[in-house]
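Here is the file query-v7.pdb (PDB, C-alpha atoms, pLDDT in the B column).
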ATOM      1  CA  MET A   1     -38.980   6.930   3.031  1.00 73.00           C
ATOM      2  CA  THR A   2     -36.163   5.341   5.010  1.00 83.00           C
ATOM      3  CA  LEU A   3     -34.677   2.111   3.755  1.00 83.00           C
ATOM      4  CA  THR A   4     -34.211  -0.851   6.056  1.00 88.00           C
ATOM      5  CA  ILE A   5     -30.802  -2.362   6.644  1.00 88.00           C
ATOM      6  CA  ALA A   6     -31.885  -5.412   4.621  1.00 89.00           C
ATOM      7  CA  GLN A   7     -32.682  -3.150   1.676  1.00 91.00           C
ATOM      8  CA  HIS A   8     -29.324  -1.412   2.044  1.00 91.00           C
ATOM      9  CA  LEU A   9     -27.604  -4.805   2.086  1.00 93.00           C
ATOM     10  CA  ARG A  10     -29.379  -5.907  -1.100  1.00 95.00           C
ATOM     11  CA  MET A  11     -28.579  -2.674  -2.915  1.00 95.00           C
ATOM     12  CA  ALA A  12     -24.937  -2.658  -1.813  1.00 95.00           C
ATOM     13  CA  THR A  13     -24.564  -6.319  -2.777  1.00 97.00           C
ATOM     14  CA  MET A  14     -25.943  -5.702  -6.262  1.00 97.00           C
ATOM     15  CA  THR A  15     -23.754  -2.612  -6.649  1.00 97.00           C
ATOM     16  CA  ARG A  16     -20.649  -4.574  -5.657  1.00 97.00           C
ATOM     17  CA  ALA A  17     -21.560  -7.466  -7.963  1.00 98.00           C
ATOM     18  CA  MET A  18     -22.058  -4.999 -10.816  1.00 98.00           C
ATOM     19  CA  GLN A  19     -18.668  -3.396 -10.103  1.00 98.00           C
ATOM     20  CA  VAL A  20     -16.995  -6.789 -10.310  1.00 98.00           C
ATOM     21  CA  ALA A  21     -18.930  -7.727 -13.461  1.00 98.00           C
ATOM     22  CA  ARG A  22     -17.983  -4.433 -15.143  1.00 98.00           C
ATOM     23  CA  GLY A  23     -14.349  -5.101 -14.281  1.00 98.00           C
ATOM     24  CA  LEU A  24     -14.540  -8.589 -15.778  1.00 98.00           C
ATOM     25  CA  VAL A  25     -16.163  -7.227 -18.941  1.00 98.00           C
ATOM     26  CA  LYS A  26     -13.401  -4.624 -19.250  1.00 98.00           C
ATOM     27  CA  GLU A  27     -10.736  -7.306 -18.780  1.00 98.00           C
ATOM     28  CA  GLU A  28     -12.330  -9.383 -21.553  1.00 97.00           C
ATOM     29  CA  LEU A  29     -12.415  -6.377 -23.866  1.00 97.00           C
ATOM     30  CA  LYS A  30      -8.729  -5.744 -23.154  1.00 97.00           C
ATOM     31  CA  ARG A  31      -7.949  -9.395 -23.960  1.00 97.00           C
ATOM     32  CA  GLN A  32      -9.726  -8.836 -27.266  1.00 97.00           C
ATOM     33  CA  ARG A  33      -7.504  -5.785 -27.779  1.00 97.00           C
ATOM     34  CA  VAL A  34     -10.441  -3.391 -27.691  1.00 97.00           C
ATOM     35  CA  ARG A  35      -9.715   0.036 -26.241  1.00 96.00           C
ATOM     36  CA  ILE A  36     -12.012   0.666 -23.274  1.00 96.00           C
ATOM     37  CA  ALA A  37     -12.228   4.331 -24.276  1.00 96.00           C
ATOM     38  CA  ASP A  38     -13.801   3.249 -27.585  1.00 96.00           C
ATOM     39  CA  VAL A  39     -16.646   1.398 -25.834  1.00 97.00           C
ATOM     40  CA  GLU A  40     -19.562   3.378 -24.415  1.00 97.00           C
ATOM     41  CA  ALA A  41     -20.180   2.975 -20.704  1.00 97.00           C
ATOM     42  CA  ARG A  42     -23.746   1.830 -21.326  1.00 97.00           C
ATOM     43  CA  GLU A  43     -22.424  -0.984 -23.541  1.00 98.00           C
ATOM     44  CA  ILE A  44     -20.112  -2.156 -20.763  1.00 98.00           C
ATOM     45  CA  THR A  45     -22.997  -1.950 -18.275  1.00 98.00           C
ATOM     46  CA  ALA A  46     -25.286  -3.911 -20.592  1.00 98.00           C
ATOM     47  CA  ARG A  47     -22.652  -6.628 -20.973  1.00 98.00           C
ATOM     48  CA  ALA A  48     -22.100  -6.643 -17.200  1.00 98.00           C
ATOM     49  CA  LYS A  49     -25.837  -7.125 -16.581  1.00 98.00           C
ATOM     50  CA  ASP A  50     -25.848 -10.060 -19.004  1.00 98.00           C
ATOM     51  CA  TYR A  51     -22.794 -11.449 -17.248  1.00 97.00           C
ATOM     52  CA  LEU A  52     -24.544 -11.229 -13.861  1.00 97.00           C
ATOM     53  CA  ILE A  53     -27.559 -13.082 -15.244  1.00 97.00           C
ATOM     54  CA  ALA A  54     -25.293 -15.820 -16.606  1.00 97.00           C
ATOM     55  CA  HIS A  55     -23.185 -15.975 -13.407  1.00 97.00           C
ATOM     56  CA  PRO A  56     -25.465 -15.488 -10.352  1.00 96.00           C
ATOM     57  CA  ALA A  57     -22.703 -16.769  -8.073  1.00 97.00           C
ATOM     58  CA  LEU A  58     -21.084 -13.367  -8.495  1.00 96.00           C
ATOM     59  CA  VAL A  59     -23.931 -11.849  -6.465  1.00 96.00           C
ATOM     60  CA  ALA A  60     -23.597 -14.552  -3.825  1.00 96.00           C
ATOM     61  CA  ASP A  61     -19.845 -13.879  -3.637  1.00 97.00           C
ATOM     62  CA  ALA A  62     -20.457 -10.150  -3.194  1.00 97.00           C
ATOM     63  CA  ARG A  63     -22.763 -10.584  -0.182  1.00 95.00           C
ATOM     64  CA  PRO A  64     -20.111 -11.564   2.428  1.00 95.00           C
ATOM     65  CA  VAL A  65     -17.851  -8.744   1.212  1.00 95.00           C
ATOM     66  CA  VAL A  66     -20.613  -6.181   1.693  1.00 95.00           C
ATOM     67  CA  GLU A  67     -21.544  -7.654   5.063  1.00 94.00           C
ATOM     68  CA  SER A  68     -17.937  -7.325   6.218  1.00 94.00           C
ATOM     69  CA  TRP A  69     -17.956  -3.681   5.103  1.00 94.00           C
ATOM     70  CA  PHE A  70     -21.115  -3.015   7.118  1.00 92.00           C
ATOM     71  CA  ALA A  71     -19.633  -4.817  10.137  1.00 92.00           C
ATOM     72  CA  ARG A  72     -16.411  -2.780   9.927  1.00 93.00           C
ATOM     73  CA  GLY A  73     -18.306   0.502   9.651  1.00 93.00           C
ATOM     74  CA  VAL A  74     -17.319   1.363   6.070  1.00 93.00           C
ATOM     75  CA  PHE A  75     -20.827   2.761   5.505  1.00 88.00           C
ATOM     76  CA  GLY A  76     -20.791   4.717   8.762  1.00 91.00           C
ATOM     77  CA  LYS A  77     -21.339   4.044  12.426  1.00 92.00           C
ATOM     78  CA  ARG A  78     -25.149   4.179  12.226  1.00 88.00           C
ATOM     79  CA  ALA A  79     -25.220   1.599   9.428  1.00 88.00           C
ATOM     80  CA  GLN A  80     -22.751  -0.532  11.374  1.00 91.00           C
ATOM     81  CA  LYS A  81     -24.958  -0.462  14.458  1.00 90.00           C
ATOM     82  CA  GLU A  82     -28.106  -1.283  12.453  1.00 90.00           C
ATOM     83  CA  PHE A  83     -26.294  -4.113  10.677  1.00 90.00           C
ATOM     84  CA  ILE A  84     -25.163  -5.641  13.964  1.00 90.00           C
ATOM     85  CA  GLU A  85     -28.677  -5.382  15.387  1.00 89.00           C
ATOM     86  CA  HIS A  86     -30.106  -6.894  12.170  1.00 85.00           C
ATOM     87  CA  SER A  87     -27.568  -9.724  12.213  1.00 83.00           C
ATOM     88  CA  THR A  88     -28.240 -10.487  15.867  1.00 79.00           C
ATOM     89  CA  PHE A  89     -32.011 -10.402  15.335  1.00 63.00           C
ATOM     90  CA  HIS A  90     -31.766 -12.551  12.193  1.00 61.00           C
ATOM     91  CA  SER A  91     -29.516 -15.153  13.826  1.00 58.00           C
ATOM     92  CA  HIS A  92     -31.868 -15.424  16.820  1.00 51.00           C
ATOM     93  CA  ASN A  93     -34.849 -15.973  14.523  1.00 54.00           C
ATOM     94  CA  VAL A  94     -33.002 -18.652  12.556  1.00 46.00           C
ATOM     95  CA  GLU A  95     -32.038 -20.459  15.761  1.00 49.00           C
ATOM     96  CA  SER A  96     -35.547 -20.354  17.204  1.00 49.00           C
ATOM     97  CA  THR A  97     -37.060 -21.587  13.922  1.00 47.00           C
ATOM     98  CA  ALA A  98     -34.604 -24.490  13.759  1.00 49.00           C
ATOM     99  CA  ARG A  99     -35.753 -25.825  17.123  1.00 47.00           C
TER     100      ARG A  99
END
Step by step, read the file and then write its structure as structure tokens.
Amino acid sequence: MTLTIAQHLRMATMTRAMQVARGLVKEELKRQRVRIADVEAREITARAKDYLIAHPALVADARPVVESWFARGVFGKRAQKEFIEHSTFHSHNVESTAR
């Protein structure tokens, strides 16, 4: 089964938000003088998931970053082309619905 560009965008956005959340959790642990090596990765991930639930704006902030990556071709030329077509199609639908 092939994923649509919208599905790729959602997955990449959540991945990026989780990366940022994991980084913030690690920073907090360091501030508490806890060695990151002493904390299991699944514990950091669990805390990051809780952080994302408490701070949904992190996901919203990740979306434009991921979109810029798709637009620049970071995920490959095919993904870039599909993203541009998706963006063009989506913007046309929004404009026609607003009328």
Rank nothing, just name the residue among A:Lys26, A:Lys77, A:Pro64, A:Gln32 nearest to Arg10 in chain A, using all atoms listed in the file.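 Result for the nearest residue to Arg10 in chain A: A:Pro64.
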By how many Å are CA of Ile84 in chain A and CA of Ile5 in chain A apart? 9.8 Å
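With CA of Ala12 in chain A on one side and CA of Leu29 in chain A on the other, the separation reads 25.6 Å.
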Between CA of Phe75 in chain A and CA of Ala48 in chain A, what is the distance in Å, rounded to a tenth? 24.6 Å
Would you kindly return, as a short mmCIF file (atom, residue, chain, number, x, y, z; two decimals) with C-alpha atoms, keeping the file's coordinate frame, each protein, DNA or RNA residue with an atom no farther than 12 Å from any atom of Thr13 in chain A, considering all atoms listed in the file and excluding same-chain residues fewer than 5 positions away?
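The result, stored in around10.cif:
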data_model
loop_
_atom_site.label_atom_id
_atom_site.label_comp_id
_atom_site.auth_asym_id
_atom_site.auth_seq_id
_atom_site.Cartn_x
_atom_site.Cartn_y
_atom_site.Cartn_z
CA ILE A 5 -30.80 -2.36 6.64
CA ALA A 6 -31.88 -5.41 4.62
CA GLN A 7 -32.68 -3.15 1.68
CA HIS A 8 -29.32 -1.41 2.04
CA MET A 18 -22.06 -5.00 -10.82
CA GLN A 19 -18.67 -3.40 -10.10
CA VAL A 20 -17.00 -6.79 -10.31
CA PRO A 56 -25.46 -15.49 -10.35
CA ALA A 57 -22.70 -16.77 -8.07
CA LEU A 58 -21.08 -13.37 -8.49
CA VAL A 59 -23.93 -11.85 -6.46
CA ALA A 60 -23.60 -14.55 -3.82
CA ASP A 61 -19.84 -13.88 -3.64
CA ALA A 62 -20.46 -10.15 -3.19
CA ARG A 63 -22.76 -10.58 -0.18
CA PRO A 64 -20.11 -11.56 2.43
CA VAL A 65 -17.85 -8.74 1.21
CA VAL A 66 -20.61 -6.18 1.69
CA GLU A 67 -21.54 -7.65 5.06
CA SER A 68 -17.94 -7.32 6.22
CA TRP A 69 -17.96 -3.68 5.10
CA PHE A 70 -21.12 -3.02 7.12
#
Residue by residue, what does the PyMOL selection byres ((chain A and resi 25) around 10) grab here? Present the result as JSON, numbers by chain. {"A": [19, 20, 21, 22, 23, 24, 26, 27, 28, 29, 30, 31, 36, 43, 44, 45, 46, 47, 48, 49, 51]}
For range 8-12 of chain A, take all atoms listed in the file, fit an axis-aligned box around them, add 3 Å to each of the six sides, then output centre and edge lengths in Å rounded to one decimal, as lines of an AutoDock Vina configuration file.
center_x = -27.2
center_y = -3.7
center_z = -0.4
size_x = 10.4
size_y = 10.5
size_z = 11.0
